[in-house]
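One file, model-v5.pdb, carrying PDB, C-alpha atoms:
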ATOM      1  CA  MET A   1      27.619 -15.325  -2.160
ATOM      2  CA  VAL A   2      25.061 -14.560  -4.858
ATOM      3  CA  GLN A   3      23.728 -18.086  -4.505
ATOM      4  CA  TYR A   4      23.495 -17.636  -0.759
ATOM      5  CA  ALA A   5      21.716 -14.324  -1.103
ATOM      6  CA  ARG A   6      19.261 -15.789  -3.571
ATOM      7  CA  THR A   7      18.483 -18.774  -1.324
ATOM      8  CA  ARG A   8      17.873 -16.447   1.570
ATOM      9  CA  PHE A   9      15.712 -14.224  -0.537
ATOM     10  CA  ASP A  10      13.611 -17.194  -1.681
ATOM     11  CA  ALA A  11      13.325 -18.433   1.887
ATOM     12  CA  SER A  12      12.150 -14.983   3.029
ATOM     13  CA  PHE A  13       9.536 -14.888   0.306
ATOM     14  CA  ALA A  14       8.248 -18.322   1.192
ATOM     15  CA  ALA A  15       8.178 -17.354   4.847
ATOM     16  CA  LEU A  16       6.313 -14.120   4.176
ATOM     17  CA  SER A  17       3.762 -15.646   1.817
ATOM     18  CA  ASP A  18       1.619 -16.667   4.772
ATOM     19  CA  ALA A  19      -0.613 -14.233   6.653
ATOM     20  CA  THR A  20      -0.101 -15.938  10.021
ATOM     21  CA  ARG A  21       3.660 -15.766   9.686
ATOM     22  CA  ARG A  22       3.489 -12.100   8.778
ATOM     23  CA  GLY A  23       1.288 -11.630  11.838
ATOM     24  CA  VAL A  24       3.848 -13.426  13.991
ATOM     25  CA  LEU A  25       6.585 -11.083  12.743
ATOM     26  CA  GLU A  26       4.445  -8.056  13.519
ATOM     27  CA  GLN A  27       3.766  -9.432  16.970
ATOM     28  CA  LEU A  28       7.458 -10.095  17.619
ATOM     29  CA  GLY A  29       8.193  -6.565  16.414
ATOM     30  CA  ARG A  30       6.264  -5.360  19.450
ATOM     31  CA  ALA A  31       7.691  -7.823  21.978
ATOM     32  CA  ASP A  32       9.411 -11.179  22.237
ATOM     33  CA  ALA A  33       7.003 -14.062  22.856
ATOM     34  CA  SER A  34       6.994 -17.781  23.602
ATOM     35  CA  ILE A  35       5.612 -20.292  21.115
ATOM     36  CA  THR A  36       2.751 -20.946  23.557
ATOM     37  CA  ASP A  37       1.866 -17.203  23.625
ATOM     38  CA  LEU A  38       1.937 -17.061  19.846
ATOM     39  CA  ALA A  39      -0.180 -20.219  19.464
ATOM     40  CA  GLU A  40      -2.784 -18.727  21.777
ATOM     41  CA  LYS A  41      -2.776 -15.350  20.095
ATOM     42  CA  PHE A  42      -3.269 -16.873  16.659
ATOM     43  CA  HIS A  43      -5.734 -19.547  17.864
ATOM     44  CA  MET A  44      -3.540 -22.363  16.731
ATOM     45  CA  THR A  45      -2.155 -25.644  18.080
ATOM     46  CA  LEU A  46       1.337 -25.640  19.521
ATOM     47  CA  THR A  47       2.492 -27.960  16.728
ATOM     48  CA  GLY A  48       1.057 -25.666  14.065
ATOM     49  CA  MET A  49       2.791 -22.614  15.542
ATOM     50  CA  LYS A  50       6.078 -24.519  15.885
ATOM     51  CA  LYS A  51       5.980 -25.187  12.136
ATOM     52  CA  HIS A  52       5.403 -21.522  11.304
ATOM     53  CA  VAL A  53       8.181 -20.391  13.622
ATOM     54  CA  GLY A  54      10.441 -23.044  12.063
ATOM     55  CA  VAL A  55       9.889 -21.578   8.591
ATOM     56  CA  LEU A  56      10.586 -18.027   9.854
ATOM     57  CA  GLU A  57      13.697 -19.242  11.641
ATOM     58  CA  GLN A  58      15.031 -20.915   8.491
ATOM     59  CA  ALA A  59      14.575 -17.640   6.632
ATOM     60  CA  GLY A  60      16.587 -15.809   9.290
ATOM     61  CA  LEU A  61      13.597 -13.638  10.176
ATOM     62  CA  VAL A  62      13.194 -15.067  13.663
ATOM     63  CA  THR A  63      15.551 -16.558  16.216
ATOM     64  CA  THR A  64      14.475 -18.755  19.126
ATOM     65  CA  GLU A  65      16.057 -19.578  22.414
ATOM     66  CA  LYS A  66      15.019 -22.238  24.888
ATOM     67  CA  VAL A  67      15.237 -21.304  28.534
ATOM     68  CA  GLY A  68      13.991 -24.042  30.833
ATOM     69  CA  ARG A  69      10.842 -25.358  29.247
ATOM     70  CA  VAL A  70       9.937 -22.196  27.382
ATOM     71  CA  ARG A  71      11.078 -21.402  23.843
ATOM     72  CA  THR A  72      11.182 -17.651  23.315
ATOM     73  CA  CYS A  73      10.992 -16.168  19.838
ATOM     74  CA  LYS A  74      12.395 -12.825  18.748
ATOM     75  CA  LEU A  75      13.005 -11.041  15.484
ATOM     76  CA  GLY A  76      16.079 -12.407  13.763
ATOM     77  CA  LEU A  77      19.265 -11.066  12.326
ATOM     78  CA  ARG A  78      17.459  -9.259   9.541
ATOM     79  CA  ARG A  79      15.976  -6.938  12.093
ATOM     80  CA  LEU A  80      19.378  -6.421  13.678
ATOM     81  CA  GLU A  81      20.825  -5.523  10.300
ATOM     82  CA  GLU A  82      18.101  -2.918   9.866
ATOM     83  CA  GLU A  83      18.908  -1.505  13.270
ATOM     84  CA  ALA A  84      22.636  -1.417  12.546
ATOM     85  CA  ALA A  85      21.939   0.410   9.283
ATOM     86  CA  TRP A  86      19.745   2.973  11.080
ATOM     87  CA  ILE A  87      22.363   3.521  13.771
ATOM     88  CA  GLU A  88      24.978   4.147  11.072
ATOM     89  CA  ARG A  89      22.722   6.707   9.359
ATOM     90  CA  TYR A  90      22.052   8.361  12.708
ATOM     91  CA  ARG A  91      25.814   8.443  13.356
ATOM     92  CA  GLN A  92      26.385  10.098   9.985
ATOM     93  CA  LEU A  93      23.784  12.741  10.801
ATOM     94  CA  TRP A  94      25.480  13.639  14.088
ATOM     95  CA  ASP A  95      28.914  13.399  12.516
ATOM     96  CA  ALA A  96      27.844  15.965   9.904
ATOM     97  CA  ARG A  97      26.430  18.232  12.633
ATOM     98  CA  PHE A  98      29.579  17.907  14.717
ATOM     99  CA  ASP A  99      31.802  18.772  11.744
ATOM    100  CA  GLU A 100      29.910  22.058  11.529
ATOM    101  CA  LEU A 101      30.095  22.456  15.304
ATOM    102  CA  ASP A 102      33.893  22.053  15.035
ATOM    103  CA  LYS A 103      33.927  25.160  12.837
ATOM    104  CA  VAL A 104      31.867  27.118  15.370
ATOM    105  CA  VAL A 105      34.217  25.998  18.173
ATOM    106  CA  GLU A 106      37.285  27.047  16.158
ATOM    107  CA  GLU A 107      35.759  30.445  15.492
ATOM    108  CA  LEU A 108      34.839  31.011  19.141
ATOM    109  CA  LYS A 109      38.367  30.006  20.181
ATOM    110  CA  ARG A 110      39.889  32.507  17.777
ATOM    111  CA  LYS A 111      37.523  35.200  18.983
ATOM    112  CA  GLU A 112      38.374  34.479  22.620
ATOM    113  CA  LYS A 113      42.088  34.810  21.817
ATOM    114  CA  VAL A 114      41.608  38.159  20.082
ATOM    115  CA  ASP A 115      39.387  39.452  22.894
ATOM    116  CA  GLY A 116      41.952  38.271  25.448
ATOM    117  CA  ARG A 117      44.677  40.151  23.630
ATOM    118  CA  LYS A 118      42.531  43.283  23.510
ATOM    119  CA  LYS A 119      41.920  43.092  27.230
ATOM    120  CA  ARG A 120      45.636  42.877  27.955
ATOM    121  CA  GLU A 121      46.420  45.867  25.780
TER
ATOM    122  CA  MET B   1      42.290  16.360  12.532
ATOM    123  CA  LYS B   2      38.727  15.110  12.681
ATOM    124  CA  ASN B   3      37.433  13.382  15.795
ATOM    125  CA  ARG B   4      35.279  10.271  15.644
ATOM    126  CA  THR B   5      31.555  10.256  16.333
ATOM    127  CA  THR B   6      30.175   7.052  17.846
ATOM    128  CA  VAL B   7      26.575   5.926  18.312
ATOM    129  CA  GLU B   8      25.604   2.933  20.369
ATOM    130  CA  ARG B   9      22.340   1.423  21.536
ATOM    131  CA  LYS B  10      23.275   0.868  25.165
ATOM    132  CA  SER B  11      20.067  -0.882  26.148
ATOM    133  CA  GLU B  12      16.508  -1.428  25.005
ATOM    134  CA  ARG B  13      15.691   2.197  25.870
ATOM    135  CA  GLU B  14      18.984   4.086  25.444
ATOM    136  CA  LEU B  15      21.078   5.525  22.651
ATOM    137  CA  VAL B  16      24.436   7.128  23.339
ATOM    138  CA  VAL B  17      26.323   9.458  20.979
ATOM    139  CA  THR B  18      29.888  10.545  21.794
ATOM    140  CA  ARG B  19      32.358  12.997  20.243
ATOM    141  CA  THR B  20      35.436  14.939  21.354
ATOM    142  CA  PHE B  21      35.867  18.622  20.430
ATOM    143  CA  ASN B  22      39.165  20.488  20.269
ATOM    144  CA  GLY B  23      38.124  23.262  22.589
ATOM    145  CA  PRO B  24      37.238  23.974  26.211
ATOM    146  CA  ALA B  25      33.844  22.976  27.633
ATOM    147  CA  ARG B  26      32.688  26.599  28.040
ATOM    148  CA  ILE B  27      32.981  27.117  24.285
ATOM    149  CA  VAL B  28      31.289  23.849  23.296
ATOM    150  CA  PHE B  29      28.539  24.548  25.823
ATOM    151  CA  GLU B  30      28.056  28.023  24.390
ATOM    152  CA  ALA B  31      27.592  26.533  20.916
ATOM    153  CA  TRP B  32      24.800  24.301  22.291
ATOM    154  CA  THR B  33      22.997  27.019  24.188
ATOM    155  CA  LYS B  34      22.976  30.139  21.986
ATOM    156  CA  PRO B  35      20.318  29.877  19.272
ATOM    157  CA  GLU B  36      22.366  31.939  16.816
ATOM    158  CA  LEU B  37      25.212  29.407  17.189
ATOM    159  CA  LEU B  38      22.975  26.290  17.294
ATOM    160  CA  LYS B  39      21.477  27.429  14.024
ATOM    161  CA  ARG B  40      24.866  27.220  12.356
ATOM    162  CA  TRP B  41      25.481  23.537  12.956
ATOM    163  CA  TRP B  42      22.161  21.750  13.648
ATOM    164  CA  ALA B  43      21.119  21.329  10.000
ATOM    165  CA  PRO B  44      24.264  20.786   7.934
ATOM    166  CA  LYS B  45      23.862  21.087   4.164
ATOM    167  CA  SER B  46      24.738  17.427   3.576
ATOM    168  CA  THR B  47      21.484  16.329   5.231
ATOM    169  CA  GLY B  48      19.451  18.141   2.595
ATOM    170  CA  VAL B  49      17.225  19.704   5.225
ATOM    171  CA  SER B  50      17.276  23.366   6.091
ATOM    172  CA  LEU B  51      16.520  24.930   9.402
ATOM    173  CA  LEU B  52      13.640  27.373   9.029
ATOM    174  CA  SER B  53      13.653  28.634  12.582
ATOM    175  CA  CYS B  54      15.486  27.892  15.780
ATOM    176  CA  GLU B  55      14.325  29.086  19.177
ATOM    177  CA  ALA B  56      16.005  27.947  22.366
ATOM    178  CA  ASP B  57      15.378  29.505  25.764
ATOM    179  CA  VAL B  58      18.116  27.616  27.566
ATOM    180  CA  ARG B  59      17.182  27.748  31.258
ATOM    181  CA  VAL B  60      15.299  25.321  33.479
ATOM    182  CA  GLY B  61      11.702  25.185  32.207
ATOM    183  CA  GLY B  62      12.601  27.131  29.044
ATOM    184  CA  ARG B  63      11.376  25.829  25.713
ATOM    185  CA  TYR B  64      13.076  25.023  22.463
ATOM    186  CA  ARG B  65      11.543  24.685  19.035
ATOM    187  CA  PHE B  66      13.425  23.937  15.806
ATOM    188  CA  GLU B  67      11.498  23.978  12.564
ATOM    189  CA  PHE B  68      13.026  22.463   9.496
ATOM    190  CA  GLY B  69      12.031  20.978   6.186
ATOM    191  CA  HIS B  70      12.420  20.929   2.465
ATOM    192  CA  GLU B  71       9.625  23.445   1.967
ATOM    193  CA  ALA B  72       8.810  26.448   4.119
ATOM    194  CA  SER B  73       5.089  25.741   3.776
ATOM    195  CA  LYS B  74       5.363  22.287   5.376
ATOM    196  CA  PRO B  75       7.795  22.563   8.252
ATOM    197  CA  MET B  76       8.547  19.722  10.671
ATOM    198  CA  ALA B  77       9.073  20.745  14.250
ATOM    199  CA  PHE B  78      11.326  19.413  16.942
ATOM    200  CA  PHE B  79      10.347  20.820  20.338
ATOM    201  CA  GLY B  80      10.397  20.362  24.090
ATOM    202  CA  ARG B  81      11.641  21.830  27.372
ATOM    203  CA  TYR B  82      14.970  22.160  29.138
ATOM    204  CA  ILE B  83      14.761  20.497  32.545
ATOM    205  CA  GLU B  84      18.355  20.897  33.688
ATOM    206  CA  VAL B  85      20.929  23.502  32.737
ATOM    207  CA  THR B  86      24.312  23.406  34.474
ATOM    208  CA  PRO B  87      26.694  25.820  32.745
ATOM    209  CA  HIS B  88      29.598  24.204  30.913
ATOM    210  CA  SER B  89      28.824  20.675  32.097
ATOM    211  CA  ARG B  90      25.262  19.420  31.665
ATOM    212  CA  LEU B  91      22.083  19.985  29.665
ATOM    213  CA  VAL B  92      18.892  17.919  29.915
ATOM    214  CA  TRP B  93      15.830  18.386  27.734
ATOM    215  CA  THR B  94      12.601  16.606  26.970
ATOM    216  CA  ASN B  95      11.145  15.985  23.581
ATOM    217  CA  ASP B  96       7.444  16.781  23.573
ATOM    218  CA  GLU B  97       6.443  15.843  20.037
ATOM    219  CA  SER B  98       4.803  12.646  21.311
ATOM    220  CA  ASP B  99       4.537  10.421  24.375
ATOM    221  CA  ASP B 100       7.336   8.331  22.893
ATOM    222  CA  GLY B 101       9.830  11.217  22.933
ATOM    223  CA  ALA B 102      13.197  10.736  24.609
ATOM    224  CA  VAL B 103      14.786  12.638  27.473
ATOM    225  CA  THR B 104      18.198  13.788  26.262
ATOM    226  CA  THR B 105      21.134  14.431  28.587
ATOM    227  CA  VAL B 106      24.262  16.042  27.172
ATOM    228  CA  THR B 107      27.379  16.193  29.317
ATOM    229  CA  PHE B 108      30.524  18.208  28.562
ATOM    230  CA  GLU B 109      33.698  16.922  30.157
ATOM    231  CA  GLU B 110      36.875  18.975  29.714
ATOM    232  CA  LYS B 111      40.290  17.373  29.739
ATOM    233  CA  GLY B 112      43.500  19.064  28.611
ATOM    234  CA  GLY B 113      41.730  21.755  26.627
ATOM    235  CA  LYS B 114      39.498  19.244  24.828
ATOM    236  CA  THR B 115      35.890  18.412  25.563
ATOM    237  CA  LEU B 116      34.319  14.980  25.552
ATOM    238  CA  LEU B 117      30.644  15.300  24.722
ATOM    239  CA  VAL B 118      28.281  12.465  25.615
ATOM    240  CA  MET B 119      24.684  12.652  24.458
ATOM    241  CA  HIS B 120      22.437  10.148  26.153
ATOM    242  CA  GLU B 121      18.886   9.628  24.876
ATOM    243  CA  LEU B 122      16.524   7.734  27.162
ATOM    244  CA  TYR B 123      13.246   6.569  25.600
ATOM    245  CA  PRO B 124      10.173   5.816  27.737
ATOM    246  CA  SER B 125      10.032   2.207  26.506
ATOM    247  CA  LYS B 126      11.706  -0.314  24.235
ATOM    248  CA  GLU B 127       8.796   0.139  21.817
ATOM    249  CA  ALA B 128       9.410   3.881  21.652
ATOM    250  CA  LEU B 129      13.055   3.470  20.636
ATOM    251  CA  ASP B 130      12.216   0.610  18.255
ATOM    252  CA  GLY B 131       9.554   2.857  16.786
ATOM    253  CA  ALA B 132      12.008   5.718  16.333
ATOM    254  CA  ILE B 133      14.387   3.355  14.575
ATOM    255  CA  ALA B 134      11.682   1.839  12.375
ATOM    256  CA  GLY B 135      10.016   5.159  11.680
ATOM    257  CA  MET B 136      12.811   7.546  10.895
ATOM    258  CA  GLU B 137      13.940   5.891   7.704
ATOM    259  CA  GLY B 138      11.072   3.513   7.062
ATOM    260  CA  GLY B 139      13.288   0.577   7.936
ATOM    261  CA  MET B 140      11.740  -2.827   8.272
ATOM    262  CA  ARG B 141       8.116  -1.692   8.129
ATOM    263  CA  GLU B 142       8.623  -0.242   4.692
ATOM    264  CA  THR B 143      10.411  -3.369   3.494
ATOM    265  CA  PHE B 144       7.519  -5.479   4.696
ATOM    266  CA  ALA B 145       4.960  -3.181   3.129
ATOM    267  CA  GLN B 146       6.730  -3.550  -0.208
ATOM    268  CA  LEU B 147       6.953  -7.311   0.159
ATOM    269  CA  ASP B 148       3.281  -7.485   1.098
ATOM    270  CA  GLU B 149       2.367  -5.573  -2.011
ATOM    271  CA  LEU B 150       4.487  -7.807  -4.163
ATOM    272  CA  LEU B 151       2.989 -10.909  -2.566
ATOM    273  CA  VAL B 152      -0.525  -9.665  -3.229
ATOM    274  CA  THR B 153       0.418  -9.168  -6.875
ATOM    275  CA  LEU B 154       2.003 -12.604  -7.053
ATOM    276  CA  GLY B 155      -0.979 -14.182  -5.273
ATOM    277  CA  ALA B 156      -3.368 -12.552  -7.711
ATOM    278  CA  SER B 157      -1.491 -13.841 -10.743
ATOM    279  CA  VAL B 158      -1.359 -17.367  -9.272
ATOM    280  CA  GLY B 159      -5.100 -17.207  -8.656
ATOM    281  CA  ARG B 160      -5.776 -16.316 -12.258
ATOM    282  CA  SER B 161      -3.804 -19.139 -13.852
TER
END

Using the file provided, produce a representation of the structure as structure tokens.
Amino acid sequence: MVQYARTRFDASFAALSDATRRGVLEQLGRADASITDLAEKFHMTLTGMKKHVGVLEQAGLVTTEKVGRVRTCKLGLRRLEEEAAWIERYRQLWDARFDELDKVVEELKRKEKVDGRKKRE
Amino acid sequence: MKNRTTVERKSERELVVTRTFNGPARIVFEAWTKPELLKRWWAPKSTGVSLLSCEADVRVGGRYRFEFGHEASKPMAFFGRYIEVTPHSRLVWTNDESDDGAVTTVTFEEKGGKTLLVMHELYPSKEALDGAIAGMEGGMRETFAQLDELLVTLGASVGRS
């Protein structure tokens, strides 16, 4: 596991050591794109862009999917892990709020009971 | 017994939070619509943030503004307008801090003395929700910024040798 983590870490570093590849990640952070789009945007040949995307894919930073003749690139699992972590933190925030809200609900219920009793008296 | 809170990204633009409360909808609704009650649960101690002020004029077109922060001199504000208020069952508000703010719909559904609360947040675009996710805790952007910095340092030392 440590070995695996280290290999991935090295691969990420290698992938991120290039300005174009960092640019591609930024671009994909805004929207998914085909290799052709990316090649155009970065003024590069299709073959050159394919190589860069290949390196990012190996590092797990990008995933690609071929539909028909177009290969679409999107941010990889890493990004999904970030999102999952954020969603868990957001869940904890609401969970903490709702625990407090539970107390308010309990108090209002008790109050309603007492008031109800008073009315009947 | 404690009920479970769930959060799910339902689509590119939507987040959904759910929770059941052990009380009737009228009581849960009251706790969401009276500022003096909202104040008691919106900023729990465990989050490390305190609520400095809490105004909520809960009627169609009414405004809300919550100010919170670590220091009273530098408050952060959360504000917008209520666009739908249906007693005991539905609340809809906008978030007007930026153009990327979500429209939040909260529904209260009572069953057997308990209330299922569903909070649905609809962002104007995928980018807006992605931005909220990346921005709130730094997320990926911060990781990249740190890596960039490190790479510059590494690049500089390689250049020197």

Within 12 Å of chain B, which residues of chain A show up when using only C-alpha atoms, listed as a JSON list (two decimals) with C-alpha atoms, in the coordinates of the input?
[["chain", "number", "residue", "atom", "x", "y", "z"],
["A", 9, "PHE", "CA", 15.71, -14.22, -0.54],
["A", 12, "SER", "CA", 12.15, -14.98, 3.03],
["A", 13, "PHE", "CA", 9.54, -14.89, 0.31],
["A", 14, "ALA", "CA", 8.25, -18.32, 1.19],
["A", 15, "ALA", "CA", 8.18, -17.35, 4.85],
["A", 16, "LEU", "CA", 6.31, -14.12, 4.18],
["A", 17, "SER", "CA", 3.76, -15.65, 1.82],
["A", 18, "ASP", "CA", 1.62, -16.67, 4.77],
["A", 19, "ALA", "CA", -0.61, -14.23, 6.65],
["A", 21, "ARG", "CA", 3.66, -15.77, 9.69],
["A", 22, "ARG", "CA", 3.49, -12.10, 8.78],
["A", 23, "GLY", "CA", 1.29, -11.63, 11.84],
["A", 25, "LEU", "CA", 6.58, -11.08, 12.74],
["A", 26, "GLU", "CA", 4.44, -8.06, 13.52],
["A", 27, "GLN", "CA", 3.77, -9.43, 16.97],
["A", 28, "LEU", "CA", 7.46, -10.10, 17.62],
["A", 29, "GLY", "CA", 8.19, -6.56, 16.41],
["A", 30, "ARG", "CA", 6.26, -5.36, 19.45],
["A", 31, "ALA", "CA", 7.69, -7.82, 21.98],
["A", 32, "ASP", "CA", 9.41, -11.18, 22.24],
["A", 61, "LEU", "CA", 13.60, -13.64, 10.18],
["A", 75, "LEU", "CA", 13.00, -11.04, 15.48],
["A", 76, "GLY", "CA", 16.08, -12.41, 13.76],
["A", 77, "LEU", "CA", 19.26, -11.07, 12.33],
["A", 78, "ARG", "CA", 17.46, -9.26, 9.54],
["A", 79, "ARG", "CA", 15.98, -6.94, 12.09],
["A", 80, "LEU", "CA", 19.38, -6.42, 13.68],
["A", 81, "GLU", "CA", 20.82, -5.52, 10.30],
["A", 82, "GLU", "CA", 18.10, -2.92, 9.87],
["A", 83, "GLU", "CA", 18.91, -1.50, 13.27],
["A", 84, "ALA", "CA", 22.64, -1.42, 12.55],
["A", 85, "ALA", "CA", 21.94, 0.41, 9.28],
["A", 86, "TRP", "CA", 19.74, 2.97, 11.08],
["A", 87, "ILE", "CA", 22.36, 3.52, 13.77],
["A", 88, "GLU", "CA", 24.98, 4.15, 11.07],
["A", 89, "ARG", "CA", 22.72, 6.71, 9.36],
["A", 90, "TYR", "CA", 22.05, 8.36, 12.71],
["A", 91, "ARG", "CA", 25.81, 8.44, 13.36],
["A", 92, "GLN", "CA", 26.38, 10.10, 9.98],
["A", 93, "LEU", "CA", 23.78, 12.74, 10.80],
["A", 94, "TRP", "CA", 25.48, 13.64, 14.09],
["A", 95, "ASP", "CA", 28.91, 13.40, 12.52],
["A", 96, "ALA", "CA", 27.84, 15.96, 9.90],
["A", 97, "ARG", "CA", 26.43, 18.23, 12.63],
["A", 98, "PHE", "CA", 29.58, 17.91, 14.72],
["A", 99, "ASP", "CA", 31.80, 18.77, 11.74],
["A", 100, "GLU", "CA", 29.91, 22.06, 11.53],
["A", 101, "LEU", "CA", 30.10, 22.46, 15.30],
["A", 102, "ASP", "CA", 33.89, 22.05, 15.04],
["A", 103, "LYS", "CA", 33.93, 25.16, 12.84],
["A", 104, "VAL", "CA", 31.87, 27.12, 15.37],
["A", 105, "VAL", "CA", 34.22, 26.00, 18.17],
["A", 106, "GLU", "CA", 37.28, 27.05, 16.16],
["A", 107, "GLU", "CA", 35.76, 30.44, 15.49],
["A", 108, "LEU", "CA", 34.84, 31.01, 19.14],
["A", 109, "LYS", "CA", 38.37, 30.01, 20.18],
["A", 110, "ARG", "CA", 39.89, 32.51, 17.78],
["A", 111, "LYS", "CA", 37.52, 35.20, 18.98],
["A", 112, "GLU", "CA", 38.37, 34.48, 22.62]]

Name all residues at most 12 Å from A:Gly48 (count all atoms listed in the file; drop same-chain ones fewer than 3 positions away) and give them as a ChimeraX atom specification.
/A:20-21,35-36,38-40,42-45,51-55

One number please: atom CA of B:Glu67 to atom CA of B:Thr104, in Å, one decimal.
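If I compute the distance from atom CA of B:Glu67 to atom CA of B:Thr104, I get 18.3 Å.
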
message: So that I can check the surroundings of stretch 123-125 of chain B, please list as a PyMOL selection string every protein, DNA and RNA residue that reaches within 9 Å of it, counting only C-alpha atoms and ignoring chain neighbours fewer than 5 positions away.
response: chain B and resi 12-15+99-104+130

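Relative to atom CA of B:Thr107, atom CA of B:Met119 is found at 6.6 Å.
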
Expressed in Å, the length from atom CA of A:Leu46 to atom CA of A:Ser34 is 10.5 Å

Produce the centre coordinates and the three edge lengths, each in Å to one decimal, of the box along x, y and z that contains all listed atoms of stretch 25-37 of chain B with 3 Å added on each side, as AutoDock Vina command-line options.
--center_x 27.1 --center_y 27.5 --center_z 22.4 --size_x 19.5 --size_y 15.0 --size_z 17.2

Run through the PyMOL selection byres ((chain B and resi 105) around 10) on the given coordinates and return the selected residues as a list in words.
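Selected by the PyMOL selection byres ((chain B and resi 105) around 10) in this file: Val16, Tyr82, Ile83, Glu84, Val85, Arg90, Leu91, Val92, Trp93, Thr94, Ala102, Val103, Thr104, Val106, Thr107, Val118, Met119, His120, Glu121 and Leu122 of chain B.
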
Could I get stretch 89-106 of chain A rebuilt with N, CA and C atoms, written as a PDB file, in the frame of the given file?
ATOM      1  N   ARG A  89      23.248   5.467   9.955  1.00  0.00           N
ATOM      2  CA  ARG A  89      22.722   6.707   9.359  1.00  0.00           C
ATOM      3  C   ARG A  89      22.598   7.803  10.418  1.00  0.00           C
ATOM      4  N   TYR A  90      22.184   7.400  11.601  1.00  0.00           N
ATOM      5  CA  TYR A  90      22.052   8.361  12.708  1.00  0.00           C
ATOM      6  C   TYR A  90      23.433   8.910  13.069  1.00  0.00           C
ATOM      7  N   ARG A  91      24.438   8.031  13.063  1.00  0.00           N
ATOM      8  CA  ARG A  91      25.814   8.443  13.356  1.00  0.00           C
ATOM      9  C   ARG A  91      26.298   9.454  12.307  1.00  0.00           C
ATOM     10  N   GLN A  92      25.965   9.177  11.048  1.00  0.00           N
ATOM     11  CA  GLN A  92      26.385  10.098   9.985  1.00  0.00           C
ATOM     12  C   GLN A  92      25.743  11.474  10.144  1.00  0.00           C
ATOM     13  N   LEU A  93      24.467  11.468  10.583  1.00  0.00           N
ATOM     14  CA  LEU A  93      23.784  12.741  10.801  1.00  0.00           C
ATOM     15  C   LEU A  93      24.513  13.550  11.875  1.00  0.00           C
ATOM     16  N   TRP A  94      24.799  12.919  13.011  1.00  0.00           N
ATOM     17  CA  TRP A  94      25.480  13.639  14.088  1.00  0.00           C
ATOM     18  C   TRP A  94      26.914  14.005  13.719  1.00  0.00           C
ATOM     19  N   ASP A  95      27.557  13.122  12.949  1.00  0.00           N
ATOM     20  CA  ASP A  95      28.914  13.399  12.516  1.00  0.00           C
ATOM     21  C   ASP A  95      28.932  14.665  11.644  1.00  0.00           C
ATOM     22  N   ALA A  96      27.934  14.783  10.768  1.00  0.00           N
ATOM     23  CA  ALA A  96      27.844  15.965   9.904  1.00  0.00           C
ATOM     24  C   ALA A  96      27.587  17.217  10.750  1.00  0.00           C
ATOM     25  N   ARG A  97      26.698  17.095  11.748  1.00  0.00           N
ATOM     26  CA  ARG A  97      26.430  18.232  12.633  1.00  0.00           C
ATOM     27  C   ARG A  97      27.700  18.628  13.383  1.00  0.00           C
ATOM     28  N   PHE A  98      28.401  17.622  13.896  1.00  0.00           N
ATOM     29  CA  PHE A  98      29.579  17.907  14.717  1.00  0.00           C
ATOM     30  C   PHE A  98      30.718  18.497  13.887  1.00  0.00           C
ATOM     31  N   ASP A  99      30.790  18.146  12.604  1.00  0.00           N
ATOM     32  CA  ASP A  99      31.802  18.772  11.744  1.00  0.00           C
ATOM     33  C   ASP A  99      31.547  20.275  11.661  1.00  0.00           C
ATOM     34  N   GLU A 100      30.256  20.635  11.558  1.00  0.00           N
ATOM     35  CA  GLU A 100      29.910  22.058  11.529  1.00  0.00           C
ATOM     36  C   GLU A 100      30.181  22.696  12.894  1.00  0.00           C
ATOM     37  N   LEU A 101      29.866  21.945  13.936  1.00  0.00           N
ATOM     38  CA  LEU A 101      30.095  22.456  15.304  1.00  0.00           C
ATOM     39  C   LEU A 101      31.587  22.707  15.533  1.00  0.00           C
ATOM     40  N   ASP A 102      32.437  21.843  14.952  1.00  0.00           N
ATOM     41  CA  ASP A 102      33.893  22.053  15.035  1.00  0.00           C
ATOM     42  C   ASP A 102      34.257  23.454  14.546  1.00  0.00           C
ATOM     43  N   LYS A 103      33.622  23.841  13.418  1.00  0.00           N
ATOM     44  CA  LYS A 103      33.927  25.160  12.837  1.00  0.00           C
ATOM     45  C   LYS A 103      33.512  26.284  13.794  1.00  0.00           C
ATOM     46  N   VAL A 104      32.340  26.100  14.418  1.00  0.00           N
ATOM     47  CA  VAL A 104      31.867  27.118  15.370  1.00  0.00           C
ATOM     48  C   VAL A 104      32.837  27.197  16.548  1.00  0.00           C
ATOM     49  N   VAL A 105      33.283  26.032  17.042  1.00  0.00           N
ATOM     50  CA  VAL A 105      34.217  25.998  18.173  1.00  0.00           C
ATOM     51  C   VAL A 105      35.527  26.692  17.806  1.00  0.00           C
ATOM     52  N   GLU A 106      36.039  26.412  16.602  1.00  0.00           N
ATOM     53  CA  GLU A 106      37.285  27.047  16.158  1.00  0.00           C
ATOM     54  C   GLU A 106      37.134  28.574  16.132  1.00  0.00           C
TER      55      GLU A 106
END
